[in-house]
Amino acid sequence: MARRLAVDVPDGSYVNLGIGMPELVAQFLPSDREVLYHTENGLLGMGPPPHPDGVDPELINAGKKPVTAIPGAAYFHHADSFTMIRGGHIDLCVLGAMQVSASGDLANWSTGAEGAIPAVGGAMDLVQGVRTIYVITRHATKRGAPKIVSYCTFPLTGRACVDRIYTDLAVMDVEPEGLVVSELAPGVSFEQVREATDADVIAGEGLADPGTGKGGGA
Amino acid sequence: MARRLAVDVPDGSYVNLGIGMPELVAQFLPSDREVLYHTENGLLGMGPPPHPDGVDPELINAGKKPVTAIPGAAYFHHADSFTMIRGGHIDLCVLGAMQVSASGDLANWSTGAEGAIPAVGGAMDLVQGVRTIYVITRHATKRGAPKIVSYCTFPLTGRACVDRIYTDLAVMDVEPEGLVVSELAPGVSFEQVREATDADVIAGEGLADPGTGKGGGA
Amino acid sequence: MIDKQVESVAGAVDDVHDGATVLIGGFGAAGSPIELIHALIDLGVKDLTVGSNNTGSGQVGLAALIRNGQVSKMICSFPRTANSTVFPELYRAGRIDLELVPQGTLAERIRAGGAGIPAFYTPSSVGTVLAEGKETRRFDGQDYVMEYGLRADFALVKAKRADRYGNLVYNKTARNFGPIMCTAAETAIVQVEEVVPAGGIDPECVVTPGIFVDRVVVVRQPAQESVLVQEGQVYP
Amino acid sequence: MIDKQVESVAGAVDDVHDGATVLIGGFGAAGSPIELIHALIDLGVKDLTVGSNNTGSGQVGLAALIRNGQVSKMICSFPRTANSTVFPELYRAGRIDLELVPQGTLAERIRAGGAGIPAFYTPSSVGTVLAEGKETRRFDGQDYVMEYGLRADFALVKAKRADRYGNLVYNKTARNFGPIMCTAAETAIVQVEEVVPAGGIDPECVVTPGIFVDRVVVVRQPAQESVLVQEGQVYP
């Protein structure tokens, strides 16, 4: 999934990768592209993880993991960092999801369960401020419950904020007419996606034509 | 006036001096005090004017005149500079006046006359944000009109913002009960101040007793 | 490879269009991007709304742009300075509009515009004519005026040094409005004295991170407005 | 002579009082002012309202302050992290309050508090449970939530270097909330690794101008929270 998504990261863009699976995208970026990574704790120009000998506990990413800074990086405080986010300066944000709805609502911060410790971090700022939001998630939970749904039942992170969803089964665009499946994973049929999704899905134009290199069914 | 006011600038304070007569205060600061001067165009730790050979047109004060920066100075942008002002971080601001009222209203930016070019600069931010506002002004205009008045007729810079007024005749505190004359200029009587002021004035406690070194009449 | 440097000042501003809103850096003569403004004069675009602290002085830079009839409205805090005659004449003649804003409110509006804040409350101007017609509101017993974030199509800014990512440092009090104006414009255009390799600016000392900058053009020895005015220069 | 340096961490915090609101810098373990927090534990003040992005980890620093029962309310964006068990336990037991705020809103509220802005509008959290009970308003067809500026009695911040005026520079991503928290506190208390003579910090590179700082205390080799937690340290 991360590999597939990485292909769609535009050259020269400013990108924020959420904690967890989204972080994997960086390692799959095609080598002919230059992308600047923003981490909301205060660094633009984040590089790969450091060699174990070179860890600085004061150089970390939003997931609190040690990182590096590329030549040409900049450090800044939190108000400036969220000026970048809220002000629409970041081109692309990749986030994980607990649920995504057909209209692009995202739930990724809380199950709303009794006794859970709610923790939101920067997710609500990112979904409102960043121009393009990609979600990367398995199509279903470990227990088999659909994560792509008609309506989110978990507390929302933001309404109508997701532009595209990358799962282990398909790539789907959130369009005014609904969820459009633009691409299927190798060996996956549109029917499988339809069954695994708790919302109506629409077959995208490219799907019927394996010759485009974008489609291809079972 | 500037010399008299300089005595009242607290040691260790952060001070913003308005354009014109207020700027003169710096040269009279008692030599045993250290004060940090803020200029709203983006410098804290402003020093005296430069030697003519050392003028940098990009190092100026709010009056657009060349200045210097002391060791330990800091440059910053306008939003940060007005964070200092609006956020209440500056201890003292000294401003000129066209009119000051008995309740501490200040008019110092526009006559409101037809055809005049209104220009306010940072005055409205300073009077609202700085903790203590001293006004330094002649007691009357060149034409003899009182500048200390019951009500300002010129457009206001701010309401009830002035704490103390230093004129060529007296020092006056703006108190809840009215304008209290706390000090007279050498050779000036309380009666003279009363006549030159277009508002009720109250004799301060120290005035009657020349022995305090603060009073002294004609 | 990301490289925001463009070849010429003319090329840097060539998509500024009639009717555009343009933020122009500088406080008095310090930080005024003279060469970029002169490129706007050469371009001849009209009906501009310009946000800048002052209105220029003499017959160069912003004052020349105004005199040339290219500006229909100024948003500023102090539209007169020594040697500033161009704006007052046009204003009295009713040929240019003025939105007068307290300096700190102007700065905060620009900062808010860049930060995605549509509106905020400030104590500045409460009880004055500049608050007339504006919404006021009381918090904790004190009155505040609501002001709107300010965004623009373009910003013209002068900095000292850049790298190819557009990271910027400034010179002394020429910094003034530059950093916030870069954040509030769809397209931020910056003239610098030099471009250094990536890593040539200490990441701890970057004042404007490159994400806020779209184009960088080198003007190795920029004119100082104050010097041009002293010399009596006229542009074009 | 202005000199903001104080002798000891104990002396730096000795006027923090029961019921005080305290902003504490740091994001995760980076920038957490461990020694100042431990001085608060030694001081034993109670009923604190603490604003900080997280709730600490392990049994040191902020987590230890909470475990010690000194904090009655947390204002934060992410009250759980790896190795964070103290806050969740007290929260589930109903022994500590939580005001959960999106991270960018927390930053902007602190920045507004320091800048004399009582309230502002933000798109963050619109349409979510975190906007419930909050005033919303539409600008240009989009909904926004009104949020209030946040001020505190004290800020505890970790920086790298100071001068006697309190000018500060930070280390990498340990900068995070420090600069804005210094602006929003009545008394900003900062621990640094060293104090250099006035002029020892380039005025172009000052991150926090000294006007926002009240006290500076030297902790030459500050503990790193992440290291203490790895080692299983417990305070006191």
# chains A, B, ... in the order shown; residues from 1 in each chain; ligands from 1
>>> select_by_dssp(residues="segment 32-140 of chain B", states="strand (DSSP E)", output="ChimeraX atom specification")
/B:36-39,43-47,68-75,92-95,99-101,106-107,132-136
>>> closest_atom_pairs(of="chain D", to="chain B", cutoff="8 Å", atoms="only C-alpha atoms", output="JSON lines")
{"residue": "D:Met1", "atom": "CA", "partner": "B:Glu34", "partner_atom": "CA", "distance": 5.7}
{"residue": "D:Ile2", "atom": "CA", "partner": "B:Gly12", "partner_atom": "CA", "distance": 5.7}
{"residue": "D:Gly113", "atom": "CA", "partner": "B:Gly87", "partner_atom": "CA", "distance": 7.4}
{"residue": "D:Gly114", "atom": "CA", "partner": "B:Gly87", "partner_atom": "CA", "distance": 5.3}
{"residue": "D:Ala115", "atom": "CA", "partner": "B:Thr83", "partner_atom": "CA", "distance": 4.1}
{"residue": "D:Gly116", "atom": "CA", "partner": "B:Gly87", "partner_atom": "CA", "distance": 3.9}
{"residue": "D:Ile117", "atom": "CA", "partner": "B:Gly87", "partner_atom": "CA", "distance": 7.6}
{"residue": "D:Asp163", "atom": "CA", "partner": "B:Gly72", "partner_atom": "CA", "distance": 7.2}
{"residue": "D:Tyr165", "atom": "CA", "partner": "B:Gly72", "partner_atom": "CA", "distance": 6.9}
{"residue": "D:Asn167", "atom": "CA", "partner": "B:Gly72", "partner_atom": "CA", "distance": 7.4}
{"residue": "D:Thr183", "atom": "CA", "partner": "B:Gly87", "partner_atom": "CA", "distance": 7.9}
{"residue": "D:Ala198", "atom": "CA", "partner": "B:Gly72", "partner_atom": "CA", "distance": 4.4}
{"residue": "D:Gly199", "atom": "CA", "partner": "B:Pro71", "partner_atom": "CA", "distance": 4.0}
{"residue": "D:Gly200", "atom": "CA", "partner": "B:Gly72", "partner_atom": "CA", "distance": 7.2}
{"residue": "D:Ile201", "atom": "CA", "partner": "B:Gly72", "partner_atom": "CA", "distance": 7.0}
{"residue": "D:Asp202", "atom": "CA", "partner": "B:Ala74", "partner_atom": "CA", "distance": 7.8}
{"residue": "D:Pro203", "atom": "CA", "partner": "B:Ala74", "partner_atom": "CA", "distance": 4.2}
{"residue": "D:Glu204", "atom": "CA", "partner": "B:Tyr75", "partner_atom": "CA", "distance": 5.6}
{"residue": "D:Cys205", "atom": "CA", "partner": "B:Ala74", "partner_atom": "CA", "distance": 7.8}
{"residue": "D:Val206", "atom": "CA", "partner": "B:Ala74", "partner_atom": "CA", "distance": 5.9}
{"residue": "D:Pro209", "atom": "CA", "partner": "B:Ala74", "partner_atom": "CA", "distance": 6.1}
{"residue": "D:Ile211", "atom": "CA", "partner": "B:His89", "partner_atom": "CA", "distance": 6.7}
{"residue": "D:Phe212", "atom": "CA", "partner": "B:His89", "partner_atom": "CA", "distance": 7.1}
>>> write_last_selection(atoms="N, CA, C and O atoms", output="tab-separated table (two decimals), in the first residue's frame")
chain	number	residue	atom	x	y	z
D	1	MET	N	22.06	46.46	36.39
D	1	MET	CA	22.27	45.64	35.20
D	1	MET	C	21.20	44.55	35.12
D	1	MET	O	20.90	43.91	36.12
D	2	ILE	N	20.65	44.41	33.97
D	2	ILE	CA	19.64	43.37	33.77
D	2	ILE	C	20.35	42.02	33.74
D	2	ILE	O	21.27	41.81	32.97
D	113	GLY	N	-2.73	33.93	23.40
D	113	GLY	CA	-2.63	34.40	24.78
D	113	GLY	C	-1.44	35.33	24.96
D	113	GLY	O	-1.54	36.38	25.60
D	114	GLY	N	-0.33	34.96	24.38
D	114	GLY	CA	0.87	35.77	24.49
D	114	GLY	C	0.82	37.05	23.69
D	114	GLY	O	1.54	38.01	23.98
D	115	ALA	N	-0.04	37.06	22.67
D	115	ALA	CA	-0.09	38.20	21.74
D	115	ALA	C	-1.24	39.14	22.03
D	115	ALA	O	-1.51	40.05	21.24
D	116	GLY	N	-1.95	38.93	23.14
D	116	GLY	CA	-3.05	39.84	23.49
D	116	GLY	C	-4.30	39.66	22.64
D	116	GLY	O	-5.11	40.56	22.52
D	117	ILE	N	-4.43	38.48	22.04
D	117	ILE	CA	-5.61	38.14	21.23
D	117	ILE	C	-6.52	37.28	22.09
D	117	ILE	O	-6.15	36.15	22.43
D	163	ASP	N	21.41	34.50	27.06
D	163	ASP	CA	22.30	35.53	27.56
D	163	ASP	C	21.62	36.18	28.77
D	163	ASP	O	20.52	35.76	29.15
D	165	TYR	N	20.09	38.82	29.16
D	165	TYR	CA	18.79	39.44	28.87
D	165	TYR	C	17.67	38.41	28.73
D	165	TYR	O	16.50	38.77	28.60
D	167	ASN	N	17.56	36.28	26.12
D	167	ASN	CA	17.45	35.84	24.73
D	167	ASN	C	17.76	34.35	24.66
D	167	ASN	O	18.68	33.88	25.32
D	183	THR	N	5.86	33.43	25.80
D	183	THR	CA	5.09	34.66	25.60
D	183	THR	C	3.80	34.69	26.40
D	183	THR	O	3.26	35.77	26.66
D	198	ALA	N	26.23	38.90	26.77
D	198	ALA	CA	25.35	39.65	25.86
D	198	ALA	C	26.09	39.85	24.55
D	198	ALA	O	27.26	40.24	24.52
D	199	GLY	N	25.43	39.56	23.45
D	199	GLY	CA	26.07	39.63	22.14
D	199	GLY	C	26.59	38.26	21.68
D	199	GLY	O	26.98	38.10	20.53
D	200	GLY	N	26.56	37.31	22.58
D	200	GLY	CA	27.02	35.97	22.24
D	200	GLY	C	26.01	35.18	21.42
D	200	GLY	O	26.31	34.11	20.92
D	201	ILE	N	24.82	35.71	21.30
D	201	ILE	CA	23.82	35.12	20.39
D	201	ILE	C	23.59	36.12	19.27
D	201	ILE	O	23.27	37.29	19.53
D	202	ASP	N	23.76	35.67	18.04
D	202	ASP	CA	23.55	36.53	16.88
D	202	ASP	C	22.13	37.10	16.93
D	202	ASP	O	21.16	36.35	17.01
D	203	PRO	N	22.00	38.44	16.89
D	203	PRO	CA	20.65	39.04	16.99
D	203	PRO	C	19.72	38.62	15.85
D	203	PRO	O	18.51	38.72	15.98
D	204	GLU	N	20.29	38.13	14.74
D	204	GLU	CA	19.46	37.63	13.64
D	204	GLU	C	18.93	36.23	13.94
D	204	GLU	O	18.03	35.75	13.25
D	205	CYS	N	19.53	35.55	14.92
D	205	CYS	CA	19.21	34.14	15.18
D	205	CYS	C	18.51	33.92	16.51
D	205	CYS	O	18.25	32.77	16.89
D	206	VAL	N	18.25	35.00	17.24
D	206	VAL	CA	17.52	34.86	18.50
D	206	VAL	C	16.14	34.28	18.19
D	206	VAL	O	15.43	34.78	17.32
D	209	PRO	N	13.13	36.40	21.98
D	209	PRO	CA	13.70	37.62	22.55
D	209	PRO	C	13.49	37.66	24.07
D	209	PRO	O	12.45	37.21	24.57
D	211	ILE	N	12.58	39.63	26.22
D	211	ILE	CA	11.42	40.28	26.83
D	211	ILE	C	10.38	39.27	27.28
D	211	ILE	O	9.58	39.55	28.18
D	212	PHE	N	10.39	38.09	26.69
D	212	PHE	CA	9.42	37.06	27.04
D	212	PHE	C	9.91	36.14	28.17
D	212	PHE	O	9.21	35.20	28.52
>>> residues_around(residues="Met146 of chain D", least_positions_apart="6", cutoff="6 Å", atoms="only C-alpha atoms", output="MDAnalysis selection string")
chainID D and resid 120:121 135:136
>>> atom_distance(atom1="atom CA of Pro222 of chain D", atom2="atom CA of Ala10 of chain D")
14.9 Å
>>> interface_residues(of="chain C", to="chain D", cutoff="12 Å", atoms="only C-alpha atoms", output="PyMOL selection string")
chain C and resi 104-105+107-109+111-113+115-124+137-149+160+168-175+201-208
>>> closest_residue(among="C:Ala30, C:Ile75, C:Val126, C:Ala39", to="Val217 of chain C", atoms="only C-alpha atoms")
C:Ala39
>>> atom_distance(atom1="atom CA of Glu194 of chain D", atom2="atom CA of Val15 of chain B")
27.3 Å
>>> residues_around(residues="Pro57 of chain B", least_positions_apart="3", cutoff="12 Å", atoms="only C-alpha atoms", output="ChimeraX atom specification")
/B:49-50,52-54,60-61,64-68 /C:26-32,171-174,222-228,230
>>> residues_around(residues="Glu23 of chain A", least_positions_apart="2", cutoff="10 Å", atoms="only C-alpha atoms", output="number ranges by chain")
A: 2, 16-21, 25-27, 63, 94-96
>>> residues_around(residues="Trp109 of chain B", least_positions_apart="4", cutoff="10 Å", atoms="only C-alpha atoms", output="list in words")
Gly96, Ala97, Met98, Gln99, Pro118, Ala119, Val120, Gly121, Ala123, Met124, Phe154, Pro155, Leu156 and Thr157 of chain B
>>> write_last_selection(atoms="all heavy atoms", output="short mmCIF file (atom, residue, chain, number, x, y, z; two decimals), in the first residue's frame")
data_model
loop_
_atom_site.label_atom_id
_atom_site.label_comp_id
_atom_site.auth_asym_id
_atom_site.auth_seq_id
_atom_site.Cartn_x
_atom_site.Cartn_y
_atom_site.Cartn_z
N GLY B 96 3.89 61.29 22.20
CA GLY B 96 3.49 62.68 22.07
C GLY B 96 1.97 62.77 22.01
O GLY B 96 1.28 61.75 21.98
N ALA B 97 1.45 63.98 22.04
CA ALA B 97 -0.01 64.14 22.06
C ALA B 97 -0.43 65.39 21.31
O ALA B 97 0.29 66.38 21.30
CB ALA B 97 -0.52 64.22 23.49
N MET B 98 -1.57 65.32 20.71
CA MET B 98 -2.24 66.52 20.23
C MET B 98 -3.22 66.99 21.31
O MET B 98 -3.33 68.17 21.58
CB MET B 98 -2.97 66.22 18.92
CG MET B 98 -1.96 65.85 17.82
SD MET B 98 -2.67 64.95 16.44
CE MET B 98 -3.66 66.24 15.73
N GLN B 99 -3.90 66.05 21.93
CA GLN B 99 -4.77 66.34 23.07
C GLN B 99 -4.76 65.14 24.03
O GLN B 99 -4.68 64.00 23.58
CB GLN B 99 -6.23 66.57 22.64
CG GLN B 99 -6.45 67.84 21.84
CD GLN B 99 -7.90 67.97 21.38
OE1 GLN B 99 -8.57 66.97 21.12
NE2 GLN B 99 -8.38 69.21 21.29
N PRO B 118 -4.93 60.62 6.88
CA PRO B 118 -4.87 59.95 8.17
C PRO B 118 -3.74 58.93 8.18
O PRO B 118 -3.55 58.21 7.20
CB PRO B 118 -6.23 59.26 8.26
CG PRO B 118 -6.66 59.05 6.84
CD PRO B 118 -6.06 60.16 6.04
N ALA B 119 -2.99 58.88 9.27
CA ALA B 119 -1.87 57.95 9.38
C ALA B 119 -1.71 57.59 10.84
O ALA B 119 -1.49 58.46 11.68
CB ALA B 119 -0.58 58.59 8.85
N VAL B 120 -1.88 56.33 11.16
CA VAL B 120 -1.94 55.96 12.58
C VAL B 120 -0.71 55.19 13.05
O VAL B 120 -0.34 55.27 14.21
CB VAL B 120 -3.24 55.17 12.86
CG1 VAL B 120 -3.23 53.82 12.13
CG2 VAL B 120 -3.46 54.98 14.34
N GLY B 121 -0.07 54.44 12.17
CA GLY B 121 1.10 53.65 12.59
C GLY B 121 0.74 52.72 13.74
O GLY B 121 -0.37 52.17 13.77
N ALA B 123 0.39 53.53 16.96
CA ALA B 123 -0.05 54.23 18.18
C ALA B 123 -1.23 53.54 18.86
O ALA B 123 -1.27 53.42 20.09
CB ALA B 123 -0.40 55.68 17.85
N MET B 124 -2.20 53.09 18.07
CA MET B 124 -3.38 52.46 18.68
C MET B 124 -3.06 51.12 19.32
O MET B 124 -3.73 50.70 20.27
CB MET B 124 -4.48 52.28 17.63
CG MET B 124 -5.12 53.60 17.22
SD MET B 124 -6.54 53.33 16.15
CE MET B 124 -7.00 55.04 15.81
N PHE B 154 -10.24 66.04 18.87
CA PHE B 154 -9.62 65.33 17.76
C PHE B 154 -9.96 63.83 17.86
O PHE B 154 -10.29 63.33 18.94
CB PHE B 154 -8.10 65.50 17.78
CG PHE B 154 -7.65 66.91 17.52
CD1 PHE B 154 -6.53 67.43 18.16
CD2 PHE B 154 -8.33 67.74 16.63
CE1 PHE B 154 -6.09 68.72 17.92
CE2 PHE B 154 -7.90 69.04 16.39
CZ PHE B 154 -6.78 69.53 17.04
N PRO B 155 -9.83 63.11 16.74
CA PRO B 155 -10.10 61.65 16.79
C PRO B 155 -9.16 60.97 17.79
O PRO B 155 -7.97 61.27 17.84
CB PRO B 155 -9.79 61.20 15.35
CG PRO B 155 -9.95 62.43 14.51
CD PRO B 155 -9.52 63.57 15.38
N LEU B 156 -9.74 60.05 18.56
CA LEU B 156 -8.96 59.40 19.62
C LEU B 156 -7.98 58.36 19.07
O LEU B 156 -8.24 57.71 18.07
CB LEU B 156 -9.90 58.69 20.59
CG LEU B 156 -10.77 59.58 21.46
CD1 LEU B 156 -11.53 58.71 22.47
CD2 LEU B 156 -9.94 60.64 22.17
N THR B 157 -6.89 58.23 19.81
CA THR B 157 -5.98 57.10 19.62
C THR B 157 -6.42 55.95 20.53
O THR B 157 -6.35 54.78 20.15
CB THR B 157 -4.54 57.52 19.98
OG1 THR B 157 -4.22 58.70 19.24
CG2 THR B 157 -3.55 56.42 19.66
#
>>> atom_distance(atom1="atom CA of Gly133 of chain D", atom2="atom CA of Ala152 of chain D")
23.1 Å
>>> residues_around(residues="Val6 of chain D", least_positions_apart="6", cutoff="8 Å", atoms="only C-alpha atoms", output="PyMOL selection string")
chain D and resi 12+215-217
>>> write_last_selection(atoms="N, CA and C atoms", output="PDB file, in the first residue's frame")
ATOM      1  N   ALA D  12      14.354  28.963  41.080  1.00  0.00           N
ATOM      2  CA  ALA D  12      13.663  29.425  39.873  1.00  0.00           C
ATOM      3  C   ALA D  12      12.153  29.218  39.949  1.00  0.00           C
ATOM      4  N   ARG D 215      13.145  34.330  34.057  1.00  0.00           N
ATOM      5  CA  ARG D 215      14.232  33.700  34.829  1.00  0.00           C
ATOM      6  C   ARG D 215      14.936  32.660  33.974  1.00  0.00           C
ATOM      7  N   VAL D 216      16.243  32.635  34.121  1.00  0.00           N
ATOM      8  CA  VAL D 216      17.066  31.654  33.411  1.00  0.00           C
ATOM      9  C   VAL D 216      17.889  30.911  34.447  1.00  0.00           C
ATOM     10  N   VAL D 217      17.914  29.591  34.347  1.00  0.00           N
ATOM     11  CA  VAL D 217      18.743  28.811  35.263  1.00  0.00           C
ATOM     12  C   VAL D 217      19.552  27.805  34.435  1.00  0.00           C
TER      13      VAL D 217
END
